[in-house]
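Chemist: A single structure is presented below for examination.
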Amino acid sequence: MLLYVWSILVFGGLLAALAALLVVAERRLVHYGTCTISINAGERVLEVEGGQTLLQTLYDGEIFIPSACGGKGTCGYCKLRVVSGGGPVLPTELPYLARQEMRRGVRLACQLKVREDMELEIPEDLLNVQLYSAVVEHVRDLTHDTKEIRLRLVEPDAIEHRPGQYVQIQAPSPEGPVWRAYSISSPVQEPHAVELVVRLVPGGIASTYLHRLEAGDAVTFTGPFGEFRLSDDPETEIVCVAGGCGMAPVKNIVETLHDRWPDRACWLFFGCRTTADSFYLDRFETLAREHPNLRVVYALSEPGPEDADWRGETGFIHLSVDKMLAPGVRRQAFLCGPPVMIEAVKRVLADKGVAEEAVFFDDFGTADASGRTAW
Amino acid sequence: MSNTSALVIFVAAVFTNNILLSNFLGMCSFLACSRQIETAAGLGAAVTFVLTATTALNWAIYHGVLVAGAPLCGADLTHLQFIVFIAVIAAFVQFVEMFIERFSPRLYLSLGIFLPLITVNCAILGASLFMVIRGYSFAQSVGFGFGAGVGWALAILLMAGLQKKMGYANVPGPFRGVGIAMIVTGVLAMAFMGFAGMVSIQ
């Protein structure tokens with residue numbers, strides 16, 4: 001019996017001694033004093049305590065750099081340009097940096113530690129990003145695995161965003177909070193609310209959390225992020241192509257567009273497997289009756305026996321795009337969906353004479369070619 | 001307790017009882033980091049340093065606290081040796097990481113990323129356990145730890161050199177990658193058996 005007591009005491013004591021040693025060592029060694037971080041040639045200056053990662057330091061200074069992996073160095077979203085004071089590129093950053101980016105001093109903020117005075121370049125957009133607290137206004141089932149979640153903003157109580165931008169929702173996880181990107185689906189003329197379309201990903205941390213929310217629950221997010229820029233020229237035709245929950249940014253674009261330019265020409269293409277997976281069709285058909293220049297095309301890729309009375313298009317969505325659009329019109333296109341769909345639609349649009357820089361896309365953040373971090 | 005001198009134990013640990021090639025400990029990082037000679041040399045140096053220091057530390061803790069009738073605690077706590085050794089190794093590696101990050105950023109960049117790998121390297125724990133099983137004195141333990149580290153570094157350097165040469169070899173498809181690395185390790189181990197008669201420690 002005494003042996004057990006001794007074992008626990010000795011092991012506990014040893015661990016405590018080691019921990020104390022490490023804490024002392026950390027205090028003494030990992031101490032870099034106060035460092036100055038100058039952003040965009042002195043536009044904003046932060047006086048910070050060194051030793052933390054740059055991402056964490058900027059978060060503490062209320063500059064919210066997008067990051068989907070929570071600083072583990074696996075998403076590559078937190079890229080920013082370090083003009084001076086970053087040290088050499090770390091092996092953990094290499095997989096996410098193209099040679100050209102390395103030459104320009106682009107780094108991953110989550111890997112880099114602040115050890116000295118630094119000069120950074122951060123896109124203007126990101127300096128406007130704020131931390132929002134909100135409450136759930138309602139949750140509605142759109143399909144068997146997709147929900148519409150509407151958040152009412154509390155503090156600050158309004159958000160200014162461009163259609164197609166996204167927010168980063170904070171979701172709890174066993175290893176501390178994680179941040180996941182979701183596009184805003186409510187139009188910009190509703191500044192007090194942020195609406196999301198969330199598909200449940202089996203095992204997904206954030207989608208599981210969001211699907212369990214009920215009206216009245218509190219939610220925290222940062223935003224807005226994203227490179228989507230709607231053309232202000234009313235003569236430019238807008239083409240939106242969405243697959244599955246890529247509907248969210250597209251709904252935002254279409255509803256914003258017809259509030260501002262009621263007669264502007266716009267195509268909305270939506271691809272899904274069966275009628276059971278489609279949603280918002282009634283809503284857009286009503287909108288299309290009010291705005292005759294809006295054309296709505298839903299296509300089913302795998303219509304089953306229960307879709308026998310489907311009158312719309314069938315087949316993959318890029319085939320419908322190819323069939324419906326006349327070539328040679330000045331257009332701007334927004335694509336949201338799985339990478340395969342984006343690739344197929346991009347090829348069709350190139351054939352129709354749409355310039356590459358007029359095509360914005362979001363392939364759900366699949367590693368390398370994400371439209372979100374287009375620098 | 002054996003009477004072999006620390007120097008003999010050192011030589012034996014490098015050649016005849018090479019911890020990697022005769023005990024097959026520390027294989028995971030050996031296979032993963034033996035593509036380039038610089039990487040192998042960095043990891044080898046880190047392992048040598050950590051092995052030497054942790055065998056010395058663990059010897060002090062084992063004989064000062066754990067063993068029956070030890071000066072700090074009389075009870076026989078040898079059953080705690082595994083968990084205590086692991087904790088000491090982990091804490092030591094953390095400390096070293098902080099230390100070199102502060103004082104030599106250059107060394108940190110080339111070595112630092114390997115240090116967390118070393119925490120879970122079985123060769124490090126293996127050396128501490130051999131030291132206990134064979135009843136080494138302090139000097140013998142340090143000799144053994146240092147020798148085991150040098151031996152491990154030697155083995156991974158040999159492997160890295162061979163891997164480089166292998167780039168020009170036409171390895172049959174199914175053996176490419178880890179397959180041929182395992183076979184080469186086996187051949188290396190057999191070659192090291194040639195040293196076996198030289199000195200022996202058990």
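Chains: A, B, ... in order of the structure tokens. Residues: from 1 per chain. Ligands: from 1, in order shown.
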With only C-alpha atoms as the counted atoms, please give the residues lying no more than 8 Å from Glu214 in chain A, apart from itself and same-chain residues fewer than 2 positions off, as a count of residues only.
Modeler: 6
Chemist: Produce a table with one row for each residue of chain A that has an atom at most 8 Å from any atom of chain B, each row naming the nearest atom pair and its distance in Å at one decimal; use only C-alpha atoms; arrange rows by chain and rising residue number; format as a tab-separated table.
Modeler:
```
residue	atom	partner	partner_atom	distance
A:Leu3	CA	B:Ala75	CA	6.7
A:Trp6	CA	B:Ala75	CA	7.2
A:Ser7	CA	B:Leu77	CA	6.3
A:Val10	CA	B:Val65	CA	7.9
A:Phe11	CA	B:Val84	CA	6.9
A:Leu14	CA	B:Val84	CA	7.9
A:Leu15	CA	B:Ala87	CA	7.3
A:Leu18	CA	B:Ala91	CA	6.4
A:Ala19	CA	B:Ala91	CA	7.6
A:Leu22	CA	B:Phe95	CA	6.4
A:Ala25	CA	B:Phe95	CA	7.1
A:Glu26	CA	B:Met98	CA	7.2
A:Leu29	CA	B:Arg102	CA	6.1
A:Val30	CA	B:Arg102	CA	6.6
A:Leu90	CA	B:Leu109	CA	7.2
```
Chemist: Identify which of the residues B:Val67, B:Ala139, B:Ile124, B:Leu43 lies closest to Phe30 in chain B, counting only C-alpha atoms when measuring atom-to-atom distances.
Modeler: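 For Phe30 in chain B, the nearest of the given residues is B:Leu43.
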Chemist: Applying 9 Å and only C-alpha atoms, which residues near Gly145 in chain B remain after dropping the ones on its own chain fewer than 6 positions away? List them as a VMD selection string.
Modeler: chain B and resid 10 13 48 50 to 56 124 127 to 128 131
Chemist: Write out the residues from the selection above, keeping C-alpha atoms, as a PDB file, in the first residue's frame.
Modeler:
```
ATOM      1  CA  PHE B  10      31.716   3.051 -26.193  1.00  0.00           C
ATOM      2  CA  ALA B  13      28.107   0.393 -28.732  1.00  0.00           C
ATOM      3  CA  THR B  48      23.817  11.590 -30.223  1.00  0.00           C
ATOM      4  CA  VAL B  50      20.054  13.667 -26.613  1.00  0.00           C
ATOM      5  CA  LEU B  51      21.111  10.041 -26.057  1.00  0.00           C
ATOM      6  CA  THR B  52      24.225  10.964 -24.126  1.00  0.00           C
ATOM      7  CA  ALA B  53      22.470  13.520 -21.971  1.00  0.00           C
ATOM      8  CA  THR B  54      19.348  11.460 -21.258  1.00  0.00           C
ATOM      9  CA  THR B  55      21.277   8.301 -20.316  1.00  0.00           C
ATOM     10  CA  ALA B  56      23.246  10.379 -17.815  1.00  0.00           C
ATOM     11  CA  ILE B 124      16.642   6.814 -26.739  1.00  0.00           C
ATOM     12  CA  ALA B 127      19.530   2.958 -24.341  1.00  0.00           C
ATOM     13  CA  SER B 128      18.231   3.981 -20.903  1.00  0.00           C
ATOM     14  CA  MET B 131      21.761   0.772 -19.025  1.00  0.00           C
TER      15      MET B 131
END
```
Chemist: What lies within 10 Å of Ser207 in chain A using only C-alpha atoms, ignoring chain neighbours under 4 positions off, as a PDB file with N, CA and C atoms, in the first residue's frame?
Modeler:
```
ATOM      1  N   THR A 146     -28.675  19.535 -45.425  1.00  0.00           N
ATOM      2  CA  THR A 146     -28.263  20.935 -45.540  1.00  0.00           C
ATOM      3  C   THR A 146     -29.224  21.823 -44.769  1.00  0.00           C
ATOM      4  N   LYS A 147     -28.669  22.755 -44.012  1.00  0.00           N
ATOM      5  CA  LYS A 147     -29.507  23.659 -43.231  1.00  0.00           C
ATOM      6  C   LYS A 147     -29.210  25.096 -43.572  1.00  0.00           C
ATOM      7  N   ILE A 169     -16.360  30.979 -38.989  1.00  0.00           N
ATOM      8  CA  ILE A 169     -17.128  30.662 -37.788  1.00  0.00           C
ATOM      9  C   ILE A 169     -16.217  29.958 -36.790  1.00  0.00           C
ATOM     10  N   ALA A 171     -15.769  27.313 -34.033  1.00  0.00           N
ATOM     11  CA  ALA A 171     -16.442  26.108 -33.545  1.00  0.00           C
ATOM     12  C   ALA A 171     -15.586  25.480 -32.460  1.00  0.00           C
ATOM     13  N   ARG A 180     -13.716  27.934 -39.242  1.00  0.00           N
ATOM     14  CA  ARG A 180     -14.013  27.374 -40.551  1.00  0.00           C
ATOM     15  C   ARG A 180     -14.752  28.397 -41.398  1.00  0.00           C
ATOM     16  N   TYR A 182     -17.318  29.936 -44.021  1.00  0.00           N
ATOM     17  CA  TYR A 182     -18.632  29.749 -44.619  1.00  0.00           C
ATOM     18  C   TYR A 182     -19.029  31.022 -45.349  1.00  0.00           C
ATOM     19  N   VAL A 198     -25.333  25.405 -44.675  1.00  0.00           N
ATOM     20  CA  VAL A 198     -24.349  24.484 -44.128  1.00  0.00           C
ATOM     21  C   VAL A 198     -24.731  23.050 -44.445  1.00  0.00           C
ATOM     22  N   ARG A 199     -23.852  22.349 -45.154  1.00  0.00           N
ATOM     23  CA  ARG A 199     -24.087  20.932 -45.406  1.00  0.00           C
ATOM     24  C   ARG A 199     -23.337  20.139 -44.339  1.00  0.00           C
ATOM     25  N   LEU A 200     -24.003  19.137 -43.794  1.00  0.00           N
ATOM     26  CA  LEU A 200     -23.379  18.340 -42.743  1.00  0.00           C
ATOM     27  C   LEU A 200     -22.323  17.432 -43.370  1.00  0.00           C
ATOM     28  N   VAL A 201     -21.068  17.620 -42.962  1.00  0.00           N
ATOM     29  CA  VAL A 201     -19.984  16.743 -43.416  1.00  0.00           C
ATOM     30  C   VAL A 201     -19.798  15.703 -42.316  1.00  0.00           C
ATOM     31  N   PRO A 202     -19.927  14.415 -42.622  1.00  0.00           N
ATOM     32  CA  PRO A 202     -19.764  13.422 -41.549  1.00  0.00           C
ATOM     33  C   PRO A 202     -18.399  13.572 -40.877  1.00  0.00           C
ATOM     34  N   GLY A 203     -18.411  13.732 -39.552  1.00  0.00           N
ATOM     35  CA  GLY A 203     -17.162  13.891 -38.818  1.00  0.00           C
ATOM     36  C   GLY A 203     -16.605  15.304 -38.836  1.00  0.00           C
ATOM     37  N   HIS A 211     -24.879  22.404 -37.187  1.00  0.00           N
ATOM     38  CA  HIS A 211     -26.146  21.675 -37.330  1.00  0.00           C
ATOM     39  C   HIS A 211     -26.832  21.448 -35.988  1.00  0.00           C
ATOM     40  N   ARG A 212     -26.076  21.516 -34.900  1.00  0.00           N
ATOM     41  CA  ARG A 212     -26.681  21.298 -33.579  1.00  0.00           C
ATOM     42  C   ARG A 212     -27.212  22.586 -32.974  1.00  0.00           C
TER      43      ARG A 212
END
```
Chemist: Which of range 93-324 of chain A end up as alpha helix (DSSP H) when DSSP is run on this backbone - answer as a compact mmCIF listing (two decimals) with N, CA and C atoms, in the first residue's frame?
Modeler:
```txt
# COMPACT_ATOMS: atom_id res chain seq x y z
N ARG A 99 7.41 29.31 -55.76
CA ARG A 99 8.72 29.96 -55.81
C ARG A 99 8.58 31.47 -55.93
N GLN A 100 7.60 31.89 -56.75
CA GLN A 100 7.39 33.32 -56.96
C GLN A 100 6.99 34.00 -55.65
N GLU A 101 6.13 33.34 -54.88
CA GLU A 101 5.70 33.91 -53.59
C GLU A 101 6.88 34.04 -52.64
N MET A 102 7.75 33.01 -52.64
CA MET A 102 8.90 33.05 -51.76
C MET A 102 9.79 34.24 -52.07
N ARG A 103 9.94 34.52 -53.38
CA ARG A 103 10.78 35.63 -53.78
C ARG A 103 10.19 36.96 -53.30
N ARG A 104 8.86 37.03 -53.25
CA ARG A 104 8.23 38.27 -52.82
C ARG A 104 8.13 38.38 -51.30
N GLU A 124 -5.66 45.48 -47.77
CA GLU A 124 -6.55 46.45 -47.11
C GLU A 124 -7.80 45.79 -46.54
N ASP A 125 -8.38 44.88 -47.35
CA ASP A 125 -9.60 44.16 -46.96
C ASP A 125 -9.48 43.52 -45.57
N LEU A 126 -8.31 42.92 -45.32
CA LEU A 126 -8.16 42.16 -44.08
C LEU A 126 -8.09 43.07 -42.86
N LEU A 127 -7.68 44.33 -43.09
CA LEU A 127 -7.61 45.25 -41.95
C LEU A 127 -9.01 45.65 -41.50
N ILE A 205 -16.00 19.04 -37.85
CA ILE A 205 -16.12 19.71 -36.55
C ILE A 205 -17.12 20.85 -36.63
N ALA A 206 -16.93 21.75 -37.63
CA ALA A 206 -17.75 22.95 -37.67
C ALA A 206 -19.16 22.65 -38.16
N SER A 207 -19.31 21.79 -39.17
CA SER A 207 -20.66 21.55 -39.69
C SER A 207 -21.50 20.81 -38.65
N THR A 208 -20.88 19.92 -37.88
CA THR A 208 -21.61 19.23 -36.82
C THR A 208 -22.07 20.23 -35.76
N TYR A 209 -21.16 21.13 -35.40
CA TYR A 209 -21.49 22.16 -34.41
C TYR A 209 -22.62 23.04 -34.91
N LEU A 210 -22.53 23.49 -36.16
CA LEU A 210 -23.55 24.39 -36.70
C LEU A 210 -24.91 23.68 -36.83
N HIS A 211 -24.88 22.40 -37.19
CA HIS A 211 -26.15 21.68 -37.33
C HIS A 211 -26.83 21.45 -35.99
N MET A 247 -24.20 27.13 -53.20
CA MET A 247 -25.33 28.03 -53.38
C MET A 247 -25.21 29.31 -52.55
N ALA A 248 -24.58 29.22 -51.38
CA ALA A 248 -24.60 30.36 -50.45
C ALA A 248 -24.09 31.67 -51.06
N PRO A 249 -22.87 31.75 -51.56
CA PRO A 249 -22.39 33.03 -52.11
C PRO A 249 -23.20 33.48 -53.32
N VAL A 250 -23.66 32.49 -54.09
CA VAL A 250 -24.39 32.78 -55.31
C VAL A 250 -25.75 33.41 -54.99
N LYS A 251 -26.40 32.91 -53.96
CA LYS A 251 -27.68 33.49 -53.54
C LYS A 251 -27.47 34.94 -53.13
N ASN A 252 -26.39 35.18 -52.39
CA ASN A 252 -26.04 36.53 -51.96
C ASN A 252 -25.86 37.43 -53.19
N ILE A 253 -25.12 36.95 -54.19
CA ILE A 253 -24.85 37.76 -55.38
C ILE A 253 -26.14 38.09 -56.11
N VAL A 254 -26.98 37.06 -56.34
CA VAL A 254 -28.21 37.25 -57.12
C VAL A 254 -29.16 38.22 -56.40
N GLU A 255 -29.33 38.03 -55.09
CA GLU A 255 -30.28 38.88 -54.37
C GLU A 255 -29.77 40.32 -54.23
N THR A 256 -28.46 40.47 -54.07
CA THR A 256 -27.87 41.81 -53.99
C THR A 256 -28.03 42.53 -55.33
N LEU A 257 -27.75 41.78 -56.37
CA LEU A 257 -27.77 42.32 -57.73
C LEU A 257 -29.13 42.90 -58.07
N HIS A 258 -30.21 42.14 -57.78
CA HIS A 258 -31.52 42.59 -58.21
C HIS A 258 -32.14 43.62 -57.28
N ASP A 259 -31.50 43.80 -56.12
CA ASP A 259 -31.92 44.91 -55.28
C ASP A 259 -31.33 46.20 -55.84
N ARG A 260 -30.12 46.14 -56.35
CA ARG A 260 -29.44 47.34 -56.83
C ARG A 260 -29.76 47.66 -58.28
N LEU A 281 -35.40 26.66 -55.07
CA LEU A 281 -35.91 26.80 -56.43
C LEU A 281 -37.12 27.74 -56.47
N ASP A 282 -38.09 27.54 -55.53
CA ASP A 282 -39.29 28.38 -55.49
C ASP A 282 -38.91 29.84 -55.31
N ARG A 283 -37.96 30.05 -54.41
CA ARG A 283 -37.52 31.39 -54.09
C ARG A 283 -36.99 32.12 -55.32
N PHE A 284 -36.16 31.42 -56.10
CA PHE A 284 -35.58 32.06 -57.27
C PHE A 284 -36.59 32.20 -58.39
N GLU A 285 -37.54 31.24 -58.47
CA GLU A 285 -38.56 31.37 -59.52
C GLU A 285 -39.43 32.59 -59.24
N THR A 286 -39.74 32.85 -57.96
CA THR A 286 -40.50 34.06 -57.60
C THR A 286 -39.70 35.30 -57.98
N LEU A 287 -38.40 35.27 -57.64
CA LEU A 287 -37.54 36.41 -57.94
C LEU A 287 -37.47 36.63 -59.46
N ALA A 288 -37.42 35.53 -60.21
CA ALA A 288 -37.31 35.63 -61.67
C ALA A 288 -38.58 36.22 -62.28
N ARG A 289 -39.75 35.98 -61.63
CA ARG A 289 -40.99 36.58 -62.14
C ARG A 289 -40.95 38.10 -61.96
N GLU A 290 -40.33 38.55 -60.87
CA GLU A 290 -40.23 40.00 -60.65
C GLU A 290 -39.17 40.64 -61.53
N ILE A 317 -23.78 20.26 -64.63
CA ILE A 317 -24.19 21.65 -64.78
C ILE A 317 -23.42 22.37 -65.89
N HIS A 318 -22.14 21.96 -66.13
CA HIS A 318 -21.38 22.68 -67.16
C HIS A 318 -22.00 22.46 -68.55
N LEU A 319 -22.70 21.33 -68.74
CA LEU A 319 -23.36 21.09 -70.03
C LEU A 319 -24.50 22.09 -70.23
N SER A 320 -25.25 22.37 -69.13
CA SER A 320 -26.33 23.37 -69.23
C SER A 320 -25.75 24.74 -69.52
N VAL A 321 -24.62 25.07 -68.86
CA VAL A 321 -23.99 26.37 -69.09
C VAL A 321 -23.62 26.49 -70.57
N ASP A 322 -23.03 25.42 -71.09
CA ASP A 322 -22.60 25.40 -72.49
C ASP A 322 -23.81 25.59 -73.41
N LYS A 323 -24.94 24.94 -73.07
CA LYS A 323 -26.12 24.96 -73.93
C LYS A 323 -26.80 26.33 -73.92
N MET A 324 -26.88 26.97 -72.76
CA MET A 324 -27.73 28.15 -72.59
C MET A 324 -27.03 29.46 -73.01
```
Chemist: What's the 12 Å shell around range 171-182 of chain B, counting only C-alpha atoms, without same-chain residues fewer than 3 positions away, as a compact mmCIF listing (two decimals) with C-alpha atoms, in the first residue's frame?
Modeler:
```
# COMPACT_ATOMS: atom_id res chain seq x y z
CA LEU B 21 21.69 -2.51 -36.64
CA PHE B 24 16.76 -2.53 -34.51
CA MET B 27 13.96 2.47 -37.11
CA CYS B 28 11.13 4.91 -37.86
CA PHE B 30 16.01 6.06 -39.58
CA LEU B 31 13.82 5.11 -42.53
CA ALA B 32 12.03 8.46 -42.77
CA CYS B 33 15.02 10.83 -42.65
CA SER B 34 17.71 8.99 -44.58
CA ARG B 35 17.03 10.47 -48.00
CA ILE B 156 21.87 6.65 -40.71
CA LEU B 158 25.68 5.06 -44.22
CA MET B 159 22.05 4.63 -45.18
CA ALA B 160 21.79 8.16 -46.57
CA GLY B 161 24.91 7.61 -48.67
CA LEU B 162 23.52 4.33 -49.96
CA GLN B 163 20.13 5.90 -50.70
CA LYS B 164 21.90 8.52 -52.77
CA LYS B 165 23.74 5.84 -54.73
CA MET B 166 20.51 3.94 -55.07
CA GLY B 167 19.14 6.83 -57.12
CA TYR B 168 21.28 5.50 -59.97
CA THR B 185 19.32 -2.20 -43.61
CA GLY B 186 19.35 -5.97 -43.26
CA VAL B 187 22.51 -6.29 -45.38
CA LEU B 188 24.14 -3.50 -43.37
CA ALA B 189 23.25 -5.30 -40.15
```
Chemist: Could you jot down the CA of Leu7 in chain B to CA of Leu154 in chain B separation for me, Å, one decimal place?
Modeler: 17.6 Å
Chemist: Under the rule that only C-alpha atoms are counted, which of A:Val219, A:Ala276, A:Leu112, A:Val45 is the nearest residue to Asp141 in chain A?
Modeler: A:Ala276
Chemist: For Lys113 in chain A, which residue among A:Val359, A:Cys35, A:Val188, A:Ile65 is the nearest when counting only C-alpha atoms?
Modeler: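 Closest candidate: A:Cys35.
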Chemist: With only C-alpha atoms as the atoms that count, which of B:Ala45, B:Val93, B:Asn58, B:Gly197 lies nearest to Tyr136 in chain B?
Modeler: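 Once distances to Tyr136 in chain B are computed over only C-alpha atoms, the minimum belongs to B:Asn58.
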Chemist: Write out as a ChimeraX atom specification all residues of range 137-334 of chain A that backbone DSSP assigns to strand (DSSP E).
Modeler: /A:137-141,146-155,166-171,178-183,193-199,218-225,237-243,266-272,294-300,313-314,331-334
